[in-house]
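The data block below is upload.txt; it holds compact mmCIF, C-alpha atoms.
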```
# COMPACT_ATOMS: atom_id res chain seq x y z
CA MET A 1182 -36.23 60.06 6.45
CA ILE A 1183 -35.46 56.61 5.07
CA VAL A 1184 -38.55 54.40 5.07
CA LYS A 1185 -37.30 50.93 5.96
CA LYS A 1186 -39.51 47.91 5.49
CA GLU A 1187 -39.63 47.35 9.26
CA ILE A 1188 -40.06 51.00 10.29
CA ARG A 1189 -41.79 51.25 13.70
CA ILE A 1190 -45.20 52.87 13.34
CA LEU A 1191 -47.59 53.64 16.18
CA GLY A 1192 -51.21 53.68 14.97
CA TRP A 1193 -54.07 55.09 17.09
CA ASP A 1194 -57.82 54.70 17.08
CA ASP A 1195 -60.55 55.24 19.66
CA GLY A 1196 -63.06 52.75 21.00
CA PRO A 1197 -66.81 53.20 20.66
CA PHE A 1198 -68.37 55.25 23.45
CA PRO A 1199 -71.97 55.38 24.60
CA LYS A 1200 -72.89 59.03 24.56
CA ARG A 1201 -71.67 62.37 23.27
CA GLY A 1202 -70.24 64.74 25.83
CA LYS A 1203 -70.16 62.33 28.76
CA GLY A 1204 -67.36 60.31 30.32
CA LYS A 1205 -64.31 58.83 28.68
CA ALA A 1206 -63.36 56.98 25.52
CA ILE A 1207 -60.42 54.61 25.25
CA LEU A 1208 -57.61 55.15 22.78
CA ILE A 1209 -55.60 52.17 21.59
CA GLY A 1210 -52.13 52.52 20.09
CA VAL A 1211 -50.57 49.62 18.19
CA ILE A 1212 -46.87 49.48 17.43
CA PHE A 1213 -46.17 47.82 14.10
CA ARG A 1214 -42.93 46.91 12.44
CA GLY A 1215 -43.84 47.97 8.95
CA ALA A 1216 -46.94 46.20 7.74
CA SER A 1217 -47.15 42.90 9.53
CA PHE A 1218 -45.50 42.38 12.91
CA ILE A 1219 -46.96 43.79 16.13
CA ASP A 1220 -44.45 44.88 18.72
CA GLY A 1221 -46.70 46.36 21.38
CA VAL A 1222 -50.02 47.81 22.44
CA LEU A 1223 -50.69 51.04 24.32
CA LYS A 1224 -53.86 52.30 25.94
CA THR A 1225 -54.97 55.65 27.27
CA GLU A 1226 -58.25 57.41 27.96
CA ILE A 1227 -59.59 60.75 26.81
CA GLU A 1228 -62.63 62.84 27.62
CA ILE A 1229 -65.51 62.53 25.19
CA ASP A 1230 -65.71 65.84 23.29
CA GLY A 1231 -62.83 67.06 25.48
CA THR A 1232 -59.53 68.66 24.47
CA ASP A 1233 -56.97 66.25 25.95
CA ALA A 1234 -56.33 63.84 23.03
CA THR A 1235 -53.06 65.46 21.88
CA GLU A 1236 -51.67 65.54 25.39
CA LYS A 1237 -52.74 61.97 26.23
CA ILE A 1238 -51.19 60.52 23.08
CA ALA A 1239 -47.97 62.50 23.61
CA GLU A 1240 -47.81 61.26 27.21
CA ALA A 1241 -48.28 57.62 26.15
CA VAL A 1242 -45.54 57.95 23.53
CA LYS A 1243 -43.09 59.63 25.88
CA LYS A 1244 -43.47 57.11 28.68
CA SER A 1245 -43.44 54.07 26.37
CA ARG A 1246 -40.59 51.55 26.58
CA HIS A 1247 -40.54 51.56 22.78
CA LYS A 1248 -37.83 54.07 21.92
CA ASP A 1249 -37.60 53.05 18.27
CA LEU A 1250 -40.87 54.63 17.12
CA ARG A 1251 -40.52 56.64 13.90
CA ILE A 1252 -44.07 57.64 12.94
CA ILE A 1253 -47.44 58.26 14.57
CA MET A 1254 -50.47 57.35 12.49
CA LEU A 1255 -53.99 58.48 13.38
CA ASP A 1256 -57.43 57.37 12.24
CA GLY A 1257 -58.56 60.92 11.46
CA ILE A 1258 -57.80 63.86 13.75
CA THR A 1259 -60.79 63.55 16.09
CA PHE A 1260 -61.23 60.88 18.77
CA GLY A 1261 -63.94 60.43 21.38
CA GLY A 1262 -66.26 62.70 19.39
CA PHE A 1263 -64.70 66.12 18.90
CA ASN A 1264 -61.53 65.65 20.90
CA PHE A 1265 -58.98 66.89 18.35
CA VAL A 1266 -55.41 65.81 17.90
CA ASP A 1267 -53.27 68.79 17.00
CA MET A 1268 -50.71 67.16 14.70
CA LYS A 1269 -48.28 70.07 14.97
CA LYS A 1270 -48.32 69.99 18.77
CA LEU A 1271 -48.06 66.21 18.81
CA TYR A 1272 -44.99 66.46 16.56
CA GLU A 1273 -43.43 69.13 18.76
CA GLU A 1274 -44.08 67.10 21.92
CA THR A 1275 -42.88 63.73 20.61
CA LYS A 1276 -40.49 64.72 17.78
CA LEU A 1277 -42.29 62.11 15.68
CA PRO A 1278 -43.87 62.90 12.30
CA VAL A 1279 -47.63 62.36 12.22
CA ILE A 1280 -49.89 61.03 9.46
CA SER A 1281 -53.67 61.12 9.73
CA VAL A 1282 -55.67 58.86 7.42
CA THR A 1283 -59.37 58.95 6.57
CA ARG A 1284 -61.51 57.02 4.15
CA LYS A 1285 -63.78 59.91 3.33
CA LYS A 1286 -63.44 63.62 2.82
CA THR A 1287 -64.99 65.57 5.67
CA ASN A 1288 -67.76 68.04 4.87
CA MET A 1289 -65.92 70.98 6.41
CA ARG A 1290 -68.91 73.32 6.51
CA LYS A 1291 -71.05 70.94 8.57
CA PHE A 1292 -68.06 69.97 10.65
CA LYS A 1293 -67.25 73.57 11.58
CA GLU A 1294 -70.86 74.24 12.55
CA ALA A 1295 -70.93 71.24 14.90
CA MET A 1296 -67.62 72.40 16.40
CA LYS A 1297 -69.04 75.82 17.15
CA LYS A 1298 -71.52 74.27 19.57
CA LEU A 1299 -68.66 73.15 21.80
CA PRO A 1300 -66.43 75.17 24.13
CA ASN A 1301 -62.82 75.91 23.13
CA PHE A 1302 -63.67 76.41 19.46
CA GLU A 1303 -60.40 78.26 18.80
CA LYS A 1304 -58.24 75.45 20.17
CA ARG A 1305 -60.09 72.86 18.10
CA TRP A 1306 -59.99 75.00 14.97
CA GLU A 1307 -56.25 75.43 15.43
CA ALA A 1308 -55.93 71.64 15.26
CA VAL A 1309 -57.93 71.57 12.02
CA LYS A 1310 -55.67 74.22 10.49
CA ASN A 1311 -52.47 72.53 11.72
CA ALA A 1312 -53.47 69.27 10.03
CA GLY A 1313 -52.90 71.08 6.74
CA LYS A 1314 -53.67 70.02 3.23
CA LEU A 1315 -55.65 66.87 2.45
CA PHE A 1316 -53.94 64.50 0.00
CA GLU A 1317 -55.49 61.65 -1.95
CA ILE A 1318 -53.79 58.28 -2.33
CA LYS A 1319 -54.78 55.00 -3.99
CA VAL A 1320 -54.16 51.91 -1.86
CA GLY A 1321 -54.88 48.20 -1.53
CA SER A 1322 -55.11 45.60 -4.28
CA ARG A 1323 -57.99 47.48 -5.96
CA GLY A 1324 -56.43 50.94 -5.84
CA LYS A 1325 -59.14 52.52 -3.73
CA SER A 1326 -58.79 56.23 -2.87
CA ILE A 1327 -58.25 57.25 0.72
CA TYR A 1328 -57.08 60.61 2.12
CA PHE A 1329 -54.31 61.77 4.40
CA GLN A 1330 -52.84 64.79 6.14
CA LYS A 1331 -49.30 64.91 7.49
CA TYR A 1332 -47.00 66.93 9.71
CA GLY A 1333 -43.22 66.72 10.12
CA LEU A 1334 -42.50 64.69 6.99
CA SER A 1335 -42.72 65.20 3.24
CA GLU A 1336 -45.70 64.24 1.10
CA GLU A 1337 -43.55 61.61 -0.60
CA GLU A 1338 -42.48 60.04 2.69
CA ALA A 1339 -46.09 59.92 3.88
CA ARG A 1340 -47.16 58.25 0.62
CA GLU A 1341 -44.41 55.67 0.95
CA ILE A 1342 -45.42 54.78 4.51
CA ILE A 1343 -49.11 54.51 3.66
CA LYS A 1344 -48.37 52.33 0.62
CA LEU A 1345 -46.12 50.09 2.72
CA THR A 1346 -48.82 49.51 5.35
CA ALA A 1347 -52.00 49.43 3.25
CA LYS A 1348 -51.15 46.58 0.91
CA ARG A 1349 -53.71 44.06 2.05
CA SER A 1350 -56.51 46.42 3.04
CA ASN A 1351 -57.71 49.94 2.26
CA ILE A 1352 -56.60 51.09 5.70
CA PRO A 1353 -52.98 51.08 6.89
CA GLU A 1354 -52.44 48.11 9.21
CA PRO A 1355 -51.50 50.07 12.36
CA ILE A 1356 -54.81 51.93 12.44
CA ARG A 1357 -56.87 49.02 11.08
CA VAL A 1358 -55.67 46.85 13.96
CA ALA A 1359 -55.97 49.67 16.53
CA HIS A 1360 -59.61 49.92 15.46
CA LEU A 1361 -60.19 46.16 15.83
CA ILE A 1362 -58.66 46.14 19.31
CA ALA A 1363 -60.43 49.28 20.55
CA SER A 1364 -63.85 48.10 19.35
CA GLY A 1365 -63.25 44.49 20.47
CA VAL A 1366 -62.24 45.53 23.97
CA VAL A 1367 -65.25 47.81 24.43
CA ARG A 1368 -67.95 45.71 22.73
CA GLY A 1369 -66.66 42.18 23.32
CA GLU A 1370 -66.22 41.68 19.58
CA SER A 1371 -64.50 43.95 17.11
CA VAL A 1372 -66.45 45.73 14.42
CA GLY A 1373 -64.68 45.13 11.16
CA ARG A 1374 -63.26 47.33 8.51
CA ALA A 1375 -62.18 45.58 5.34
CA MET B 55 -57.99 18.70 8.46
CA ILE B 56 -56.13 20.55 5.75
CA VAL B 57 -53.95 23.31 7.17
CA LYS B 58 -54.20 26.17 4.70
CA LYS B 59 -51.80 29.08 4.89
CA GLU B 60 -54.66 31.43 5.82
CA ILE B 61 -56.44 29.10 8.28
CA ARG B 62 -58.45 31.12 10.82
CA ILE B 63 -57.02 30.69 14.31
CA LEU B 64 -58.46 32.19 17.49
CA GLY B 65 -55.72 32.70 20.10
CA TRP B 66 -56.52 33.49 23.76
CA ASP B 67 -54.58 34.97 26.65
CA ASP B 68 -55.55 36.65 29.90
CA GLY B 69 -54.66 40.11 31.13
CA PRO B 70 -52.72 40.75 34.32
CA PHE B 71 -54.88 40.96 37.44
CA PRO B 72 -54.10 42.53 40.77
CA LYS B 73 -54.78 39.82 43.32
CA ARG B 74 -55.33 36.10 43.55
CA GLY B 75 -58.85 34.98 44.34
CA LYS B 76 -60.55 38.36 43.96
CA GLY B 77 -62.54 39.90 41.13
CA LYS B 78 -62.23 39.32 37.40
CA ALA B 79 -59.53 38.98 34.77
CA ILE B 80 -59.99 39.85 31.12
CA LEU B 81 -59.50 37.33 28.36
CA ILE B 82 -58.56 38.55 24.90
CA GLY B 83 -59.12 36.45 21.79
CA VAL B 84 -57.40 37.38 18.53
CA ILE B 85 -58.52 35.99 15.20
CA PHE B 86 -55.62 35.47 12.83
CA ARG B 87 -55.54 34.38 9.24
CA GLY B 88 -52.55 32.08 9.48
CA ALA B 89 -49.52 33.90 10.80
CA SER B 90 -49.85 37.53 9.86
CA PHE B 91 -53.26 39.10 9.25
CA ILE B 92 -55.64 39.99 12.10
CA ASP B 93 -59.32 39.59 11.34
CA GLY B 94 -60.87 40.41 14.69
CA VAL B 95 -60.59 40.78 18.44
CA LEU B 96 -62.81 39.28 21.15
CA LYS B 97 -63.00 40.05 24.83
CA THR B 98 -64.59 38.31 27.77
CA GLU B 99 -64.11 38.25 31.53
CA ILE B 100 -63.58 35.39 33.94
CA GLU B 101 -63.42 35.03 37.69
CA ILE B 102 -59.95 34.98 39.18
CA ASP B 103 -59.33 31.40 40.42
CA GLY B 104 -62.89 30.61 39.31
CA THR B 105 -64.16 27.78 37.11
CA ASP B 106 -65.84 29.67 34.24
CA ALA B 107 -63.02 30.01 31.68
CA THR B 108 -64.16 27.10 29.46
CA GLU B 109 -67.73 28.34 29.38
CA LYS B 110 -66.80 31.98 28.76
CA ILE B 111 -64.51 31.13 25.84
CA ALA B 112 -67.11 28.77 24.34
CA GLU B 113 -69.76 31.50 24.64
CA ALA B 114 -67.53 34.09 22.93
CA VAL B 115 -66.81 31.67 20.07
CA LYS B 116 -70.45 30.72 19.58
CA LYS B 117 -71.75 34.26 19.49
CA SER B 118 -68.93 35.58 17.28
CA ARG B 119 -69.68 36.85 13.78
CA HIS B 120 -66.60 34.95 12.61
CA LYS B 121 -67.97 31.64 11.39
CA ASP B 122 -64.78 30.60 9.61
CA LEU B 123 -62.76 29.77 12.74
CA ARG B 124 -60.92 26.46 12.50
CA ILE B 125 -58.73 26.26 15.61
CA ILE B 126 -58.64 27.61 19.15
CA MET B 127 -55.19 28.27 20.58
CA LEU B 128 -54.58 28.88 24.28
CA ASP B 129 -51.63 30.30 26.20
CA GLY B 130 -51.56 27.39 28.66
CA ILE B 131 -54.70 25.87 30.16
CA THR B 132 -55.09 28.21 33.14
CA PHE B 133 -56.24 31.82 32.96
CA GLY B 134 -56.93 34.33 35.74
CA GLY B 135 -54.88 32.25 38.17
CA PHE B 136 -56.31 28.72 38.44
CA ASN B 137 -59.34 29.10 36.20
CA PHE B 138 -58.86 26.04 33.96
CA VAL B 139 -59.87 25.59 30.37
CA ASP B 140 -61.10 22.05 29.83
CA MET B 141 -59.95 21.47 26.24
CA LYS B 142 -62.24 18.48 25.77
CA LYS B 143 -65.31 20.42 26.88
CA LEU B 144 -64.29 23.43 24.82
CA TYR B 145 -63.99 21.17 21.76
CA GLU B 146 -67.39 19.60 22.45
CA GLU B 147 -69.03 22.99 22.91
CA THR B 148 -67.50 24.72 19.89
CA LYS B 149 -66.64 21.77 17.58
CA LEU B 150 -63.23 23.42 17.17
CA PRO B 151 -59.96 21.61 17.84
CA VAL B 152 -57.90 23.17 20.63
CA ILE B 153 -54.13 23.60 21.01
CA SER B 154 -52.56 24.84 24.23
CA VAL B 155 -49.01 26.16 24.07
CA THR B 156 -46.55 26.83 26.90
CA ARG B 157 -42.92 27.88 26.99
CA LYS B 158 -42.06 25.84 30.05
CA LYS B 159 -42.98 22.46 31.45
CA THR B 160 -45.15 22.77 34.53
CA ASN B 161 -43.94 21.22 37.76
CA MET B 162 -47.02 19.02 38.17
CA ARG B 163 -46.38 18.08 41.78
CA LYS B 164 -46.28 21.72 42.97
CA PHE B 165 -49.14 22.59 40.66
CA LYS B 166 -51.40 19.87 42.05
CA GLU B 167 -50.67 20.93 45.62
CA ALA B 168 -51.63 24.53 44.87
CA MET B 169 -54.83 23.30 43.18
CA LYS B 170 -55.81 21.32 46.26
CA LYS B 171 -56.11 24.54 48.24
CA LEU B 172 -58.96 25.67 46.00
CA PRO B 173 -62.58 24.48 45.85
CA ASN B 174 -63.73 22.27 42.95
CA PHE B 175 -60.49 20.31 42.81
CA GLU B 176 -62.11 17.49 40.85
CA LYS B 177 -63.37 19.78 38.10
CA ARG B 178 -59.98 21.43 37.74
CA TRP B 179 -58.14 18.12 37.80
CA GLU B 180 -60.45 16.82 35.09
CA ALA B 181 -59.27 19.73 32.88
CA VAL B 182 -55.64 18.82 33.54
CA LYS B 183 -56.30 15.21 32.55
CA ASN B 184 -58.32 16.17 29.47
CA ALA B 185 -55.45 18.31 28.16
CA GLY B 186 -53.61 15.04 27.63
CA LYS B 187 -50.02 14.41 26.70
CA LEU B 188 -47.43 17.20 26.56
CA PHE B 189 -45.51 17.39 23.27
CA GLU B 190 -42.27 19.22 22.55
CA ILE B 191 -41.73 21.25 19.39
CA LYS B 192 -38.89 23.43 18.09
CA VAL B 193 -39.95 26.79 16.70
CA GLY B 194 -38.71 30.19 15.55
CA SER B 195 -35.55 31.02 13.66
CA ARG B 196 -33.37 29.59 16.45
CA GLY B 197 -35.30 26.34 16.90
CA LYS B 198 -36.23 26.95 20.53
CA SER B 199 -38.24 24.22 22.30
CA ILE B 200 -41.78 24.99 23.43
CA TYR B 201 -44.53 22.60 24.55
CA PHE B 202 -48.08 21.89 23.52
CA GLN B 203 -51.18 19.84 24.31
CA LYS B 204 -54.01 19.29 21.87
CA TYR B 205 -57.56 18.03 21.62
CA GLY B 206 -59.66 17.25 18.54
CA LEU B 207 -56.80 17.11 16.04
CA SER B 208 -53.78 14.93 15.38
CA GLU B 209 -50.31 15.57 16.72
CA GLU B 210 -49.12 16.21 13.16
CA GLU B 211 -51.84 18.78 12.47
CA ALA B 212 -51.05 20.58 15.72
CA ARG B 213 -47.35 20.66 14.82
CA GLU B 214 -48.13 22.06 11.39
CA ILE B 215 -50.28 24.87 12.83
CA ILE B 216 -47.73 25.80 15.48
CA LYS B 217 -44.91 25.84 12.90
CA LEU B 218 -47.02 28.01 10.57
CA THR B 219 -47.70 30.61 13.28
CA ALA B 220 -44.41 30.63 15.22
CA LYS B 221 -42.01 31.53 12.45
CA ARG B 222 -40.93 34.95 13.64
CA SER B 223 -41.13 34.39 17.37
CA ASN B 224 -41.03 31.53 19.86
CA ILE B 225 -44.72 31.93 20.52
CA PRO B 226 -47.44 31.39 17.90
CA GLU B 227 -48.68 34.77 16.66
CA PRO B 228 -52.32 34.43 17.80
CA ILE B 229 -51.36 34.00 21.45
CA ARG B 230 -48.36 36.33 21.30
CA VAL B 231 -50.61 39.15 20.10
CA ALA B 232 -53.45 38.21 22.49
CA HIS B 233 -50.90 38.60 25.27
CA LEU B 234 -49.75 42.03 24.01
CA ILE B 235 -53.33 43.27 23.77
CA ALA B 236 -54.47 41.89 27.14
CA SER B 237 -51.48 43.31 28.99
CA GLY B 238 -51.57 46.61 27.06
CA VAL B 239 -55.24 47.17 27.78
CA VAL B 240 -54.87 46.47 31.50
CA ARG B 241 -51.54 48.20 32.17
CA GLY B 242 -51.53 50.96 29.54
CA GLU B 243 -48.52 49.39 27.83
CA SER B 244 -48.03 45.79 26.83
CA VAL B 245 -45.45 43.63 28.51
CA GLY B 246 -43.42 41.95 25.82
CA ARG B 247 -42.63 38.41 24.98
CA ALA B 248 -40.04 37.86 22.34
```
Using structure tokens, write down the structure that the file contains.
Amino acid sequence: MIVKKEIRILGWDDGPFPKRGKGKAILIGVIFRGASFIDGVLKTEIEIDGTDATEKIAEAVKKSRHKDLRIIMLDGITFGGFNFVDMKKLYEETKLPVISVTRKKTNMRKFKEAMKKLPNFEKRWEAVKNAGKLFEIKVGSRGKSIYFQKYGLSEEEAREIIKLTAKRSNIPEPIRVAHLIASGVVRGESVGRA
Amino acid sequence: MIVKKEIRILGWDDGPFPKRGKGKAILIGVIFRGASFIDGVLKTEIEIDGTDATEKIAEAVKKSRHKDLRIIMLDGITFGGFNFVDMKKLYEETKLPVISVTRKKTNMRKFKEAMKKLPNFEKRWEAVKNAGKLFEIKVGSRGKSIYFQKYGLSEEEAREIIKLTAKRSNIPEPIRVAHLIASGVVRGESVGRA
């Protein structure tokens, strides 16, 4: 894959939701050309603590008018609580490589215990395994460490795309802006991330 | 006013709504640093064909955590059908200069006739008068003509701000992106504007 400066990236984040295990959370997808120009905005809804996040994102991508998407970027692999995105399945469904970015390492022991309290443990655990190895990368003007997982592209390609989009902030623009929109739409004003 | 490259601009547009005269429309406000970096997203709701747009925008500005806003930009002066923003009142309430941008000149004769069918004609007409003179400006890489009205700043300052934010498109970024978000959130996928 050649990473052009204006590569189309679709970044996803979820909106805040009132209560674990009840109702729906919104997911916002933002289509960026590289790091600075927004081409479009997508929205879908998923069940809080449900298992439909992968399917709902794949659906939104497949029915989108934007046929020039090259990468899906996720703010972590869980949305709406413990609704996991299976990066392998998402890749297979959309044919688009997937990068998941987080600011902190997850405490996997605690995480697994919480997951065991929910139905469909095996399906969720499969998503954790399919996300693969966690890589570290230094971004932004201060070289802060963040972490990523990837599917369907090489480590080098993923690094290049994250570096391209996380120049001005510690979070790649497509997911930083998806977060601002999702929280702004739900709360009336976005909750910031530097 | 000194127009810095990273001046904070709050651009507003409304979302699509199903039917004239019934229910609410969403308004999305996007806070830009100059032309390229998004600092935050606001949301409020107004009555379709109502008279609360000015008040709802002023409220959202006043309660926002963003205290560094310098300009309000509007996609026209009507939202949710014929719900007018009175730029003079909005300026008085928020102390922020206001620029309204449109791609086409309104046919004022037809417009006034449609307005007369609604209650509160005087209040709406006052907003039309307070928006003042319509100016033409050439923007974007192809020098396309768009139009603007302004309150609380000079014609030259308004021109400078529009030129700063409409480099890559015919529409200033803050309202172009507000439009993408508002339509994306309501429809599931944004409806584009070059």
Query raised in the report: Excluding same-chain residues fewer than 6 positions from Val245 in chain B, what lies within 9 Å of it counting only C-alpha atoms, as a ChimeraX atom specification?
Result: /A:1221-1222 /B:233-234,237-238
Report task. Grab the CA of Leu123 in chain B to CA of Glu227 in chain B distance for me, in Å with one decimal place. Result -> 15.4 Å
Return as a Markdown table the residues of chain B lying at most 12 Å from chain A, together with the closest atom-to-atom pair for each and the distance in Å to one decimal, counting all atoms listed in the file, with rows in chain order and ascending residue number.
```
| residue | atom | partner | partner_atom | distance |
| --- | --- | --- | --- | --- |
| B:Gly69 | CA | A:Val1366 | CA | 11.8 |
| B:Ile80 | CA | A:Val1366 | CA | 9.4 |
| B:Leu81 | CA | A:Val1366 | CA | 9.7 |
| B:Ile82 | CA | A:Val1366 | CA | 7.9 |
| B:Gly83 | CA | A:Glu1370 | CA | 9.1 |
| B:Val84 | CA | A:Ile1362 | CA | 8.9 |
| B:Ile85 | CA | A:Ser1371 | CA | 10.1 |
| B:Phe86 | CA | A:Val1358 | CA | 11.4 |
| B:Arg87 | CA | A:Ser1217 | CA | 12.0 |
| B:Ala89 | CA | A:Ser1217 | CA | 9.4 |
| B:Ser90 | CA | A:Ser1217 | CA | 6.0 |
| B:Phe91 | CA | A:Ser1217 | CA | 7.2 |
| B:Ile92 | CA | A:Val1358 | CA | 7.1 |
| B:Asp93 | CA | A:Gly1373 | CA | 7.7 |
| B:Gly94 | CA | A:Ser1371 | CA | 5.6 |
| B:Val95 | CA | A:Gly1365 | CA | 5.0 |
| B:Leu96 | CA | A:Glu1370 | CA | 4.5 |
| B:Lys97 | CA | A:Gly1369 | CA | 4.5 |
| B:Thr98 | CA | A:Gly1369 | CA | 6.3 |
| B:Glu99 | CA | A:Gly1369 | CA | 9.5 |
| B:Lys110 | CA | A:Gly1369 | CA | 11.6 |
| B:Ile111 | CA | A:Gly1369 | CA | 11.5 |
| B:Glu113 | CA | A:Gly1369 | CA | 11.2 |
| B:Ala114 | CA | A:Gly1369 | CA | 8.1 |
| B:Val115 | CA | A:Glu1370 | CA | 10.0 |
| B:Lys116 | CA | A:Glu1370 | CA | 11.7 |
| B:Lys117 | CA | A:Glu1370 | CA | 9.3 |
| B:Ser118 | CA | A:Glu1370 | CA | 7.1 |
| B:Arg119 | CA | A:Glu1370 | CA | 8.3 |
| B:His120 | CA | A:Glu1370 | CA | 9.7 |
| B:Thr219 | CA | A:Phe1218 | CA | 12.0 |
| B:Lys221 | CA | A:Phe1218 | CA | 11.4 |
| B:Arg222 | CA | A:Phe1218 | CA | 8.8 |
| B:Ser223 | CA | A:Phe1218 | CA | 10.1 |
| B:Glu227 | CA | A:Phe1218 | CA | 9.1 |
| B:Pro228 | CA | A:Ile1219 | CA | 10.9 |
| B:Ile229 | CA | A:Ile1219 | CA | 12.0 |
| B:Arg230 | CA | A:Ile1219 | CA | 9.2 |
| B:Val231 | CA | A:Ile1219 | CA | 7.1 |
| B:Ala232 | CA | A:Ile1362 | CA | 10.0 |
| B:His233 | CA | A:Gly1221 | CA | 9.6 |
| B:Leu234 | CA | A:Gly1221 | CA | 5.9 |
| B:Ile235 | CA | A:Val1222 | CA | 5.8 |
| B:Ala236 | CA | A:Val1222 | CA | 8.8 |
| B:Ser237 | CA | A:Val1222 | CA | 8.1 |
| B:Gly238 | CA | A:Val1222 | CA | 5.0 |
| B:Val239 | CA | A:Lys1224 | CA | 5.6 |
| B:Val240 | CA | A:Lys1224 | CA | 8.1 |
| B:Arg241 | CA | A:Lys1224 | CA | 7.8 |
| B:Gly242 | CA | A:Lys1224 | CA | 4.5 |
| B:Glu243 | CA | A:Leu1223 | CA | 4.4 |
| B:Ser244 | CA | A:Val1222 | CA | 5.2 |
| B:Val245 | CA | A:Gly1221 | CA | 7.7 |
| B:Gly246 | CA | A:Gly1221 | CA | 7.1 |
| B:Arg247 | CA | A:Asp1220 | CA | 9.2 |
| B:Ala248 | CA | A:Asp1220 | CA | 9.0 |
```
Query raised in the report: Could you list as a PyMOL selection string every residue that has an atom within 10 Å of (-50.2, 30.0, 1.8), using the file's coordinates and counting all atoms listed in the file?
Result: chain B and resi 57-61+88-89+218
Query - Polymer residues at most 12 Å from Ile1327 in chain A, only C-alpha atoms, same-chain spacing of 4 or more positions, as a PyMOL selection string - result: chain A and resi 1256-1257+1281-1287+1315-1321+1323+1340+1343-1344+1347+1350-1353
**Report entry** Between CA of Lys121 in chain B and CA of Lys143 in chain B - distance in Å to one decimal
**Finding:**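 Answer for the CA of Lys143 in chain B to CA of Lys121 in chain B separation: 19.3 Å.
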Query raised in the report: Quick one: residues within 7 Å of Gly135 in chain B, all atoms listed in the file counted, chain neighbours fewer than 5 positions away excluded, as a list in words?
Result: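 My list of contacting residues is Arg74, Ile102 and Asp103 of chain B.
The space between CA of Asp1195 in chain A and CA of Ala112 in chain B spans 27.7 Å.
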Report task. Go through B:Ile125, B:Pro151, B:Phe136, B:Lys183 and flag the residue nearest Lys170 in chain B, using all atoms listed in the file for the distances. Result -> B:Phe136
Query raised in the report: Which is closest to Ile1183 in chain A among A:Met1268, A:Ala1339, A:Thr1232, A:Pro1199, if we use only C-alpha atoms?
Result: A:Ala1339
Any chance you could model N, CA, C and O atoms for range 126-135 of chain B and send them as a PDB file, in the coordinates of the input?
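Wrote it out as rebuild.pdb, contents follow:
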```
ATOM      1  N   ILE B 126     -58.826  26.752  17.971  1.00  0.00           N
ATOM      2  CA  ILE B 126     -58.640  27.610  19.150  1.00  0.00           C
ATOM      3  C   ILE B 126     -57.244  27.333  19.702  1.00  0.00           C
ATOM      4  O   ILE B 126     -56.833  26.181  19.817  1.00  0.00           O
ATOM      5  N   MET B 127     -56.528  28.414  20.006  1.00  0.00           N
ATOM      6  CA  MET B 127     -55.190  28.270  20.580  1.00  0.00           C
ATOM      7  C   MET B 127     -55.180  28.966  21.939  1.00  0.00           C
ATOM      8  O   MET B 127     -55.708  30.070  22.071  1.00  0.00           O
ATOM      9  N   LEU B 128     -54.583  28.330  22.924  1.00  0.00           N
ATOM     10  CA  LEU B 128     -54.580  28.880  24.280  1.00  0.00           C
ATOM     11  C   LEU B 128     -53.147  29.054  24.773  1.00  0.00           C
ATOM     12  O   LEU B 128     -52.279  28.225  24.470  1.00  0.00           O
ATOM     13  N   ASP B 129     -52.920  30.107  25.546  1.00  0.00           N
ATOM     14  CA  ASP B 129     -51.630  30.300  26.200  1.00  0.00           C
ATOM     15  C   ASP B 129     -51.677  29.543  27.526  1.00  0.00           C
ATOM     16  O   ASP B 129     -51.987  30.112  28.572  1.00  0.00           O
ATOM     17  N   GLY B 130     -51.395  28.249  27.477  1.00  0.00           N
ATOM     18  CA  GLY B 130     -51.560  27.390  28.660  1.00  0.00           C
ATOM     19  C   GLY B 130     -53.020  26.994  28.856  1.00  0.00           C
ATOM     20  O   GLY B 130     -53.876  27.348  28.042  1.00  0.00           O
ATOM     21  N   ILE B 131     -53.299  26.255  29.927  1.00  0.00           N
ATOM     22  CA  ILE B 131     -54.700  25.870  30.160  1.00  0.00           C
ATOM     23  C   ILE B 131     -55.287  26.558  31.394  1.00  0.00           C
ATOM     24  O   ILE B 131     -56.413  26.294  31.794  1.00  0.00           O
ATOM     25  N   THR B 132     -54.520  27.449  32.018  1.00  0.00           N
ATOM     26  CA  THR B 132     -55.090  28.210  33.140  1.00  0.00           C
ATOM     27  C   THR B 132     -55.053  29.706  32.824  1.00  0.00           C
ATOM     28  O   THR B 132     -54.068  30.227  32.313  1.00  0.00           O
ATOM     29  N   PHE B 133     -56.153  30.366  33.117  1.00  0.00           N
ATOM     30  CA  PHE B 133     -56.240  31.820  32.960  1.00  0.00           C
ATOM     31  C   PHE B 133     -56.733  32.417  34.277  1.00  0.00           C
ATOM     32  O   PHE B 133     -57.421  31.732  35.047  1.00  0.00           O
ATOM     33  N   GLY B 134     -56.456  33.685  34.513  1.00  0.00           N
ATOM     34  CA  GLY B 134     -56.930  34.330  35.740  1.00  0.00           C
ATOM     35  C   GLY B 134     -56.575  33.494  36.957  1.00  0.00           C
ATOM     36  O   GLY B 134     -57.430  33.187  37.777  1.00  0.00           O
ATOM     37  N   GLY B 135     -55.321  33.096  37.049  1.00  0.00           N
ATOM     38  CA  GLY B 135     -54.880  32.250  38.170  1.00  0.00           C
ATOM     39  C   GLY B 135     -55.137  30.787  37.864  1.00  0.00           C
ATOM     40  O   GLY B 135     -54.562  30.245  36.931  1.00  0.00           O
TER      41      GLY B 135
END
```
